[in-house]
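Peer 1: Sharing structure-v7.txt here; it has compact mmCIF, C-alpha atoms and all ligand atoms.
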# COMPACT_ATOMS: atom_id res chain seq x y z
CA MET Q 670 69.81 115.30 30.24
CA LEU Q 671 67.95 113.74 33.14
CA ILE Q 672 66.54 116.39 35.41
CA GLY Q 673 64.48 115.50 38.45
CA ARG Q 674 60.91 116.77 38.23
CA ALA Q 675 61.64 119.14 35.37
CA ALA Q 676 58.96 117.38 33.35
CA ASP Q 677 56.07 119.11 35.10
CA ILE Q 678 57.47 122.60 34.56
CA PRO Q 679 56.57 124.32 31.26
CA SER Q 680 59.84 124.81 29.38
CA SER Q 681 59.21 128.56 29.19
CA GLU Q 682 59.56 128.71 32.96
CA ILE Q 683 62.70 126.66 33.34
CA THR Q 684 65.60 128.98 33.99
CA PRO Q 685 69.08 127.51 33.94
CA GLU Q 686 69.24 128.16 37.68
CA ARG Q 687 66.20 125.96 38.30
CA LEU Q 688 67.56 123.29 35.98
CA TYR Q 689 70.81 123.39 37.86
CA LEU Q 690 69.30 123.22 41.32
CA GLY Q 691 66.94 120.52 40.10
CA ARG Q 692 69.82 118.46 38.76
CA ARG Q 693 71.67 118.78 42.03
CA ALA Q 694 68.59 117.79 43.98
CA PHE Q 695 68.17 114.82 41.64
CA LEU Q 696 71.75 113.67 42.11
CA ALA Q 697 71.49 114.05 45.86
CA ALA Q 698 68.20 112.14 45.95
CA ALA Q 699 69.75 109.38 43.87
CA GLY Q 700 72.48 109.11 46.50
CA MET Q 701 75.21 109.74 43.99
CA ALA Q 702 78.14 110.77 46.11
CA ALA Q 703 80.47 111.34 43.20
CA ALA Q 704 78.40 111.09 40.05
CA ALA Q 705 80.29 111.97 36.91
CA PHE Q 706 78.60 113.20 33.78
CA ALA Q 707 79.78 114.73 30.56
CA LEU Q 708 79.13 118.34 29.70
CA PRO Q 709 78.14 119.32 26.20
CA GLY Q 710 80.40 121.15 23.79
CA ALA Q 711 82.63 123.86 25.11
CA ALA Q 712 82.71 122.81 28.74
CA ARG Q 713 83.75 119.28 27.78
CA GLY Q 714 85.50 117.31 30.46
CA LEU Q 715 84.46 115.26 33.40
CA VAL Q 716 82.58 116.92 36.17
CA THR Q 717 82.33 115.50 39.62
CA ALA Q 718 79.01 116.32 41.14
CA ALA Q 719 78.97 117.44 44.73
CA SER Q 720 77.97 114.97 47.39
CA GLY Q 721 74.88 115.09 49.57
CA ARG Q 722 73.28 118.20 51.08
CA GLN Q 723 72.70 119.67 47.64
CA ALA Q 724 68.94 119.80 47.68
CA SER Q 725 68.91 123.10 49.55
CA ARG Q 726 69.65 126.38 47.82
CA SER Q 727 72.97 126.67 49.58
CA ALA Q 728 76.00 124.97 48.17
CA ARG Q 729 79.24 123.47 49.38
CA ASP Q 730 82.40 123.20 47.45
CA PRO Q 731 83.02 119.53 46.60
CA ALA Q 732 86.75 119.69 47.20
CA GLY Q 733 86.20 121.18 50.63
CA HIS Q 734 87.80 124.45 49.57
CA ALA Q 735 86.08 127.66 50.54
CA ALA Q 736 82.75 126.11 51.27
CA THR Q 737 80.02 128.70 51.37
CA ASP Q 738 76.53 128.52 52.78
CA ASP Q 739 75.58 131.68 50.94
CA LYS Q 740 72.65 131.48 48.56
CA LEU Q 741 73.65 131.21 44.91
CA THR Q 742 73.15 134.35 42.83
CA PRO Q 743 70.52 133.53 40.17
CA TYR Q 744 71.88 132.56 36.74
CA GLU Q 745 69.93 135.41 35.19
CA GLN Q 746 71.86 137.98 37.22
CA VAL Q 747 75.23 136.27 36.89
CA THR Q 748 74.85 136.48 33.10
CA THR Q 749 73.28 139.95 32.67
CA TYR Q 750 75.14 142.08 35.24
CA ASN Q 751 78.74 141.96 34.04
CA ASN Q 752 81.98 143.89 33.86
CA TYR Q 753 83.69 143.28 30.52
CA TYR Q 754 84.89 146.48 28.91
CA GLU Q 755 85.73 144.74 25.62
CA PHE Q 756 81.95 144.61 25.17
CA GLY Q 757 80.99 147.96 26.71
CA THR Q 758 81.24 149.72 30.06
CA GLY Q 759 77.58 149.30 31.10
CA LYS Q 760 76.74 146.28 33.26
CA ASP Q 761 74.07 145.18 30.79
CA GLU Q 762 76.22 145.64 27.67
CA PRO Q 763 78.37 142.47 27.71
CA ALA Q 764 75.28 140.24 27.58
CA LEU Q 765 73.96 142.22 24.60
CA HIS Q 766 77.16 142.84 22.65
CA ALA Q 767 78.97 139.52 23.20
CA ARG Q 768 76.13 137.47 21.70
CA ALA Q 769 77.78 137.03 18.31
CA PHE Q 770 81.24 136.31 19.73
CA ARG Q 771 82.53 132.84 18.73
CA PRO Q 772 84.79 131.35 21.43
CA ARG Q 773 85.99 128.48 19.19
CA PRO Q 774 88.45 127.60 17.80
CA TRP Q 775 90.61 128.98 20.62
CA THR Q 776 94.38 128.92 20.95
CA VAL Q 777 96.24 129.61 24.19
CA GLU Q 778 99.91 130.52 23.94
CA VAL Q 779 101.92 129.41 26.95
CA GLY Q 780 105.42 130.82 27.13
CA GLY Q 781 108.12 132.77 28.89
CA GLU Q 782 110.09 130.99 31.59
CA VAL Q 783 108.84 127.45 30.89
CA ALA Q 784 110.51 124.25 29.79
CA HIS Q 785 107.96 123.70 27.01
CA PRO Q 786 106.60 126.90 25.46
CA ALA Q 787 103.78 126.04 23.07
CA ARG Q 788 100.53 127.08 21.46
CA TYR Q 789 97.72 124.85 22.63
CA ASP Q 790 94.27 124.36 21.28
CA LEU Q 791 91.98 124.92 24.27
CA ASP Q 792 90.28 121.57 23.69
CA ASP Q 793 93.67 119.85 24.00
CA ILE Q 794 94.23 121.56 27.34
CA LEU Q 795 90.77 120.48 28.50
CA ALA Q 796 91.49 116.89 27.55
CA HIS Q 797 94.27 116.83 30.15
CA VAL Q 798 92.68 118.52 33.13
CA THR Q 799 89.84 117.70 35.47
CA VAL Q 800 86.99 120.17 35.32
CA GLN Q 801 85.22 120.43 38.64
CA GLU Q 802 82.60 122.59 40.27
CA ARG Q 803 83.49 125.28 42.81
CA VAL Q 804 81.05 127.65 44.46
CA TYR Q 805 82.92 130.91 45.11
CA ARG Q 806 81.99 134.39 46.22
CA LEU Q 807 82.99 137.08 43.71
CA ARG Q 808 83.59 140.55 45.22
CA CYS Q 809 83.87 143.39 42.74
CA VAL Q 810 85.87 146.50 43.64
CA GLU Q 811 82.68 148.49 43.06
CA ALA Q 812 81.30 146.96 46.29
CA TRP Q 813 78.87 144.43 44.87
CA SER Q 814 79.20 140.67 45.10
CA MET Q 815 77.75 137.43 43.79
CA VAL Q 816 77.95 133.72 44.65
CA ILE Q 817 78.65 131.67 41.55
CA PRO Q 818 78.96 127.93 40.92
CA TRP Q 819 81.93 127.91 38.54
CA MET Q 820 83.13 124.98 36.44
CA GLY Q 821 86.87 124.95 36.07
CA PHE Q 822 90.21 123.39 36.89
CA PRO Q 823 92.99 124.51 39.22
CA LEU Q 824 95.51 126.64 37.28
CA ARG Q 825 98.10 124.50 39.01
CA GLN Q 826 97.17 121.55 36.77
CA LEU Q 827 98.28 123.52 33.71
CA ILE Q 828 101.37 124.90 35.46
CA ASP Q 829 102.50 121.39 36.38
CA ARG Q 830 102.27 120.34 32.73
CA VAL Q 831 104.27 123.21 31.26
CA GLN Q 832 106.98 123.18 33.95
CA PRO Q 833 108.02 126.78 34.68
CA THR Q 834 111.77 127.30 35.14
CA SER Q 835 113.23 128.44 38.46
CA GLN Q 836 113.29 131.99 37.02
CA ALA Q 837 109.50 132.20 36.90
CA ARG Q 838 108.21 134.38 39.74
CA PHE Q 839 104.94 135.70 38.30
CA VAL Q 840 102.33 134.65 35.74
CA GLU Q 841 100.95 137.15 33.23
CA PHE Q 842 97.59 136.60 31.50
CA THR Q 843 96.42 138.42 28.38
CA THR Q 844 92.93 138.76 26.88
CA LEU Q 845 92.25 138.39 23.16
CA TYR Q 846 92.95 141.55 21.18
CA ALA Q 847 90.52 141.55 18.28
CA PRO Q 848 88.78 144.92 17.82
CA ASP Q 849 86.70 143.45 14.98
CA ARG Q 850 85.21 140.91 17.43
CA MET Q 851 85.32 142.97 20.64
CA PRO Q 852 83.80 146.39 19.95
CA GLY Q 853 85.02 147.91 23.23
CA GLU Q 854 88.58 147.48 22.01
CA ARG Q 855 87.88 150.12 19.38
CA SER Q 856 87.53 152.65 22.19
CA GLY Q 857 90.30 154.08 24.36
CA VAL Q 858 88.61 153.36 27.68
CA LEU Q 859 91.43 150.97 28.72
CA ALA Q 860 94.86 150.12 27.29
CA TRP Q 861 94.19 146.96 25.26
CA PRO Q 862 94.63 144.09 25.49
CA TYR Q 863 93.53 143.57 29.11
CA VAL Q 864 96.37 142.09 31.17
CA GLU Q 865 96.44 140.57 34.65
CA GLY Q 866 99.02 138.85 36.78
CA LEU Q 867 99.57 136.67 39.81
CA ARG Q 868 102.58 135.85 41.92
CA MET Q 869 103.65 132.22 41.47
CA ASP Q 870 102.43 131.09 44.90
CA GLU Q 871 99.04 132.69 44.19
CA ALA Q 872 98.88 131.04 40.79
CA THR Q 873 99.60 127.57 42.19
CA HIS Q 874 97.22 127.95 45.14
CA PRO Q 875 94.48 125.29 45.05
CA LEU Q 876 91.70 127.92 45.14
CA THR Q 877 92.90 129.54 41.89
CA LEU Q 878 90.87 128.34 38.92
CA LEU Q 879 90.87 128.57 35.17
CA VAL Q 880 87.16 128.61 34.46
CA THR Q 881 85.31 127.15 31.47
CA GLY Q 882 81.73 127.16 32.73
CA LEU Q 883 79.16 128.12 35.32
CA TYR Q 884 75.91 126.57 36.57
CA GLY Q 885 76.99 123.29 34.97
CA ARG Q 886 77.07 124.82 31.48
CA ALA Q 887 79.63 126.21 29.08
CA LEU Q 888 80.83 129.66 30.11
CA PRO Q 889 78.61 132.38 28.60
CA ASN Q 890 80.47 134.86 26.39
CA GLN Q 891 79.73 137.76 28.74
CA ASN Q 892 81.38 135.88 31.62
CA GLY Q 893 84.61 135.39 29.68
CA ALA Q 894 84.25 132.43 27.33
CA PRO Q 895 85.95 130.25 26.63
CA LEU Q 896 88.56 130.62 29.39
CA ARG Q 897 88.85 133.04 32.31
CA LEU Q 898 90.63 133.28 35.61
CA VAL Q 899 88.90 133.20 39.01
CA VAL Q 900 90.84 134.05 42.18
CA PRO Q 901 88.18 134.19 44.89
CA TRP Q 902 90.10 136.10 47.59
CA LYS Q 903 90.88 138.98 45.20
CA TYR Q 904 88.72 141.74 43.72
CA GLY Q 905 86.84 140.69 40.61
CA PHE Q 906 89.08 142.58 38.19
CA LYS Q 907 91.81 139.96 38.70
CA GLY Q 908 89.46 137.49 36.98
CA ILE Q 909 90.64 138.20 33.44
CA LYS Q 910 88.37 136.94 30.66
CA ALA Q 911 88.93 135.41 27.20
CA ILE Q 912 92.54 134.46 27.93
CA VAL Q 913 94.78 133.81 24.89
CA ARG Q 914 98.22 134.07 26.46
CA ILE Q 915 99.79 132.83 29.70
CA ARG Q 916 103.40 133.88 30.27
CA PHE Q 917 105.72 132.96 33.12
CA VAL Q 918 107.87 135.97 33.92
CA ARG Q 919 110.59 137.20 36.28
CA THR Q 920 109.10 140.55 37.24
CA GLN Q 921 105.69 141.71 38.43
CA PRO Q 922 103.35 142.17 35.44
CA GLN Q 923 101.74 145.54 34.74
CA ASN Q 924 98.05 144.84 35.11
CA THR Q 925 95.60 146.92 33.12
CA TRP Q 926 93.63 148.51 35.96
CA ALA Q 927 96.79 149.44 37.88
CA ILE Q 928 98.14 151.11 34.71
CA SER Q 929 94.86 152.96 34.20
CA ALA Q 930 94.44 154.21 37.82
CA PRO Q 931 97.39 153.24 40.03
CA ASP Q 932 95.96 154.92 43.15
CA GLU Q 933 92.74 152.96 42.87
CA TYR Q 934 93.80 149.49 41.77
CA GLY Q 935 96.91 147.66 42.89
CA PHE Q 936 98.61 144.52 41.70
CA TYR Q 937 97.63 142.38 44.68
CA ALA Q 938 93.97 143.43 44.90
CA ASN Q 939 93.30 141.22 47.91
CA VAL Q 940 89.79 141.91 49.18
CA ASN Q 941 90.39 144.11 52.22
CA PRO Q 942 87.58 145.88 54.11
CA ALA Q 943 90.20 147.95 55.97
CA VAL Q 944 91.64 149.61 52.86
CA ASP Q 945 89.17 151.92 51.17
CA HIS Q 946 89.09 152.63 47.49
CA PRO Q 947 89.98 156.37 47.21
CA ARG Q 948 86.42 157.17 46.14
CA TRP Q 949 84.40 154.80 48.36
CA SER Q 950 84.56 152.45 51.34
CA GLN Q 951 85.31 148.76 50.90
CA ALA Q 952 83.89 147.89 54.35
CA ARG Q 953 80.54 146.65 53.04
CA GLU Q 954 79.13 145.13 49.88
CA ARG Q 955 75.78 144.64 48.20
CA ARG Q 956 75.08 141.04 47.24
CA ILE Q 957 73.36 141.26 43.87
CA GLY Q 958 69.68 140.44 44.37
CA GLU Q 959 69.66 141.47 48.04
CA PHE Q 960 68.60 144.76 49.59
CA PHE Q 961 70.72 145.17 52.72
CA ARG Q 962 74.47 145.49 52.45
CA ARG Q 963 76.66 143.06 54.35
CA PRO Q 964 80.14 143.44 55.82
CA THR Q 965 83.01 142.56 53.51
CA LEU Q 966 85.29 139.88 54.91
CA PRO Q 967 89.10 140.01 54.77
CA PHE Q 968 90.29 138.06 51.74
CA ASN Q 969 86.60 137.79 50.79
CA GLY Q 970 86.14 135.14 53.49
CA TYR Q 971 89.03 132.94 52.34
CA ALA Q 972 91.57 134.20 54.93
CA ASP Q 973 92.03 130.76 56.52
CA GLN Q 974 93.33 129.48 53.23
CA VAL Q 975 95.34 132.39 51.88
CA ALA Q 976 96.34 134.87 54.61
CA GLN Q 977 99.66 133.11 55.14
CA LEU Q 978 100.71 133.97 51.57
CA TYR Q 979 100.92 137.61 52.70
CA ALA Q 980 102.20 137.14 56.25
CA ARG Q 981 105.25 139.34 55.75
CA MET Q 982 103.61 142.04 53.65
CA ASP Q 983 102.09 145.42 54.46
CA LEU Q 984 98.69 145.06 52.81
CA ARG Q 985 98.04 148.80 52.98
CA ARG Q 986 101.07 149.49 50.85
CA ASP Q 987 100.71 146.38 48.67
CA PHE Q 988 96.98 146.78 47.99
N1 LIG V 1001 89.16 140.97 29.76
C1 LIG V 1001 88.47 141.47 30.79
N2 LIG V 1001 88.36 140.72 31.90
C2 LIG V 1001 87.64 141.21 32.96
C3 LIG V 1001 87.06 142.50 32.92
C4 LIG V 1001 87.19 143.25 31.71
O1 LIG V 1001 86.69 144.38 31.58
N3 LIG V 1001 87.88 142.69 30.67
N4 LIG V 1001 86.38 142.98 34.04
C5 LIG V 1001 86.78 142.41 35.35
C6 LIG V 1001 85.94 142.84 36.45
S1 LIG V 1001 86.13 144.43 37.00
C7 LIG V 1001 85.10 141.98 37.12
S2 LIG V 1001 84.26 142.47 38.53
C8 LIG V 1001 84.87 140.61 36.61
C9 LIG V 1001 83.37 140.39 36.41
O2 LIG V 1001 83.12 139.06 36.05
P1 LIG V 1001 81.62 138.59 35.71
O3 LIG V 1001 81.10 139.53 34.66
O4 LIG V 1001 81.73 137.18 35.24
O5 LIG V 1001 80.84 138.70 37.00
O6 LIG V 1001 85.53 140.37 35.37
C10 LIG V 1001 86.85 140.88 35.29
N5 LIG V 1001 87.51 140.42 34.08
MO MO V 1002 85.12 144.58 39.13
Would you kindly transcribe this structure into structure tokens?

Peer 2:
Amino acid sequence: MLIGRAADIPSSEITPERLYLGRRAFLAAAGMAAAAFALPGAARGLVTAASGRQASRSARDPAGHAATDDKLTPYEQVTTYNNYYEFGTGKDEPALHARAFRPRPWTVEVGGEVAHPARYDLDDILAHVTVQERVYRLRCVEAWSMVIPWMGFPLRQLIDRVQPTSQARFVEFTTLYAPDRMPGERSGVLAWPYVEGLRMDEATHPLTLLVTGLYGRALPNQNGAPLRLVVPWKYGFKGIKAIVRIRFVRTQPQNTWAISAPDEYGFYANVNPAVDHPRWSQARERRIGEFFRRPTLPFNGYADQVAQLYARMDLRRDF
């Protein structure tokens, strides 16, 4: 791949982050407002590069959604500081224990209240959607955060294809259950498989992504390859990884963390600095790689785009 100025850097020193920023600088310098290029392998699909202003370390979302001027969290930290209990409870364990995981071939079962229930090969899904780049803040319930350039497509694109019936009010997502491939599933630390859910209006919101990559590359195993959810105004645990099943349902799904500790984790999980976790405050967060903590923003800074979804709800009760 053509990377501006990468030639003078010894390959041992090129981190994916520098490659990525270099590529963006190159595209910006070349004046490519909407350059399209193919991604290798797993992240296949067309990617629209962001326009202008990319040479700096800050990043804007190309679709104009949730633009952030925050500095990107380095690739190294995004891929070595993870929560993924299927591969261990330590932050460093997913990167170590998910190395041998093979995210292909991959089948996604789409069912429940839909006109066309079916089992899809992931590559067939990817052939029909537009993968794009979105820089989003990720705020974990444990009061740390990151800024990540995801590659993905709006969940809405898939929903439009499968045509939910009028009975569908929620979407339920399920992670792969394969204890032979996911060692954490041999422990009883959570009720497996991991399950998450969204209300239909949350699922069809333009900010909600199904993610297949980050930093312009295929999604690393520890970040949820080959397919995970990202809902930027919610706590990180809503971002279920290694999705094999998507079901449209009539009633609110039982999500894994709410089953495991109902006083600590709710179904909605909207980022809310005013509602503390029972064991710690949610008012501030530590951006990974930074020293000082910063205030947490309502809806993780995406209130302009999503607050109206909850206008008639008591967000202390429905946390
Ligand atoms: N299947 C599954 N998905 C999961 C988790 C998990 O343990 N298993 N952890 C969640 C939590 S708590 C967070 S904060 C994010 C972390 O995503 P990242 O490792 O890509 O930063 O993944 C979420 N998705
Ligand atoms: Mo989390």

Peer 1: Counting all atoms listed in the file, which of Q:His766, Q:Arg868, Q:Lys760, Q:Arg897 gets nearest to ligand MO 1002 (chain V)?

Peer 2: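 Under the stated criterion, the closest residue is Q:Lys760.
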
Peer 1: I'd like to know which of Q:Asp829, Q:Asp761, Q:Asp792, Q:Asp983 is closest to Thr776 of chain Q, using all atoms listed in the file.

Peer 2: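 With all atoms listed in the file as the atom set, the closest residue is Q:Asp792.
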
Peer 1: As a CSV table (one decimal) with C-alpha atoms, in the frame of the given file, please: the residues near Gln832 of chain Q (cut-off 10 Å, only C-alpha atoms, same-chain neighbours under 5 positions excluded).

Peer 2:
chain,number,residue,atom,x,y,z
Q,782,GLU,CA,110.1,131.0,31.6
Q,783,VAL,CA,108.8,127.4,30.9
Q,784,ALA,CA,110.5,124.2,29.8
Q,785,HIS,CA,108.0,123.7,27.0
Q,786,PRO,CA,106.6,126.9,25.5
Q,827,LEU,CA,98.3,123.5,33.7
Q,837,ALA,CA,109.5,132.2,36.9
Q,917,PHE,CA,105.7,133.0,33.1

Peer 1: Glu871 of chain Q: which residues within 9 Å, counting only C-alpha atoms, same-chain residues fewer than 6 positions away excluded, as a list in words?

Peer 2: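 With the cut-off at 9 Å, the set is Phe839, Thr877, Val900, Val975 and Leu978 of chain Q.
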
Peer 1: Take the residues that were just selected and, keeping C-alpha atoms, output them as a compact mmCIF listing (two decimals), keeping the file's coordinate frame.

Peer 2:
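Wrote selection.txt, looks like this:
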# COMPACT_ATOMS: atom_id res chain seq x y z
CA PHE Q 839 104.94 135.70 38.30
CA THR Q 877 92.90 129.54 41.89
CA VAL Q 900 90.84 134.05 42.18
CA VAL Q 975 95.34 132.39 51.88
CA LEU Q 978 100.71 133.97 51.57

Peer 1: Could you list, as a list in words, all the residues within 6 Å of ligand LIG 1001 (chain V), counting all atoms listed in the file?

Peer 2: Asn751, Asn752, Tyr753, Tyr754, Glu755, Cys809, Thr844, Tyr863, Asn892, Gly905, Phe906, Gly908, Ile909 and Lys910 of chain Q

Peer 1: Between atom CA of Arg808 of chain Q and atom CA of Asn969 of chain Q, measure the distance and give it in Å to one decimal.

Peer 2: 6.9 Å

Peer 1: Just how far from atom CA of Pro901 of chain Q is atom CA of Leu807 of chain Q, in Å to one decimal?

Peer 2: 6.1 Å

Peer 1: Using all atoms listed in the file for the distances, tell me which of Q:Arg981, Q:Lys907, Q:Arg788, Q:Arg986 is nearest to ligand MO 1002 (chain V).

Peer 2: Q:Lys907

Peer 1: When you look at Trp819 of chain Q with a cut-off of 7 Å (counting all atoms listed in the file), what residues show up, excluding the ones that are within fewer than 6 positions of it in the same chain? I need them as an MDAnalysis selection string.

Peer 2: chainID Q and resid 802:804 880 882:884

Peer 1: In the coordinate frame of the file, compute which residues have an atom within 6 Å of (94.7, 147.7, 29.5) when using all atoms listed in the file, and state them as a list in words.

Peer 2: Leu859, Ala860, Trp861, Pro862, Tyr863 and Thr925 of chain Q

Peer 1: Which is closest to Asp870 of chain Q among Q:Phe968, Q:Val840, Q:Gln746, Q:Tyr904, if we use all atoms listed in the file?

Peer 2: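 Of all the options, Q:Val840 lies closest to Asp870 of chain Q.
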
Peer 1: List every residue of segment 762-868 of chain Q that has an atom at most 8 Å from any atom of segment 741-744 of chain Q, and for each one report the closest atom pair and its distance in Å to one decimal, counting all atoms listed in the file, with rows sorted by chain and then by increasing residue number, as JSON lines.

Peer 2:
{"residue": "Q:Met815", "atom": "CA", "partner": "Q:Thr742", "partner_atom": "CA", "distance": 5.6}
{"residue": "Q:Val816", "atom": "CA", "partner": "Q:Leu741", "partner_atom": "CA", "distance": 5.0}
{"residue": "Q:Ile817", "atom": "CA", "partner": "Q:Leu741", "partner_atom": "CA", "distance": 6.0}
{"residue": "Q:Pro818", "atom": "CA", "partner": "Q:Leu741", "partner_atom": "CA", "distance": 7.4}

Peer 1: Measuring atom to atom with only C-alpha atoms, identify which of Q:Val940, Q:Arg919, Q:Asp849, Q:Arg773 is nearest to Ala887 of chain Q.

Peer 2: Q:Arg773

Peer 1: Take atom CA of Tyr750 of chain Q and atom CA of Val913 of chain Q and report the distance between them in Å, one decimal.

Peer 2: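 Separation between atom CA of Tyr750 of chain Q and atom CA of Val913 of chain Q: 23.7 Å.
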
Peer 1: Restricting the calculation to only C-alpha atoms and all ligand atoms: of Q:Val899, Q:Ala769, Q:Leu795, Q:Val777, which residue gets closest to ligand MO 1002 (chain V)?

Peer 2: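 Among the listed residues, Q:Val899 lies closest to ligand MO 1002 (chain V).
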
Peer 1: What are the centre and edge lengths in Å, to one decimal, of the axis-aligned box around all listed atoms of segment 970-975 of chain Q with 8 Å added on each side, as AutoDock Vina command-line options?

Peer 2:
--center_x 90.7 --center_y 132.3 --center_z 54.2 --size_x 25.2 --size_y 21.7 --size_z 20.6
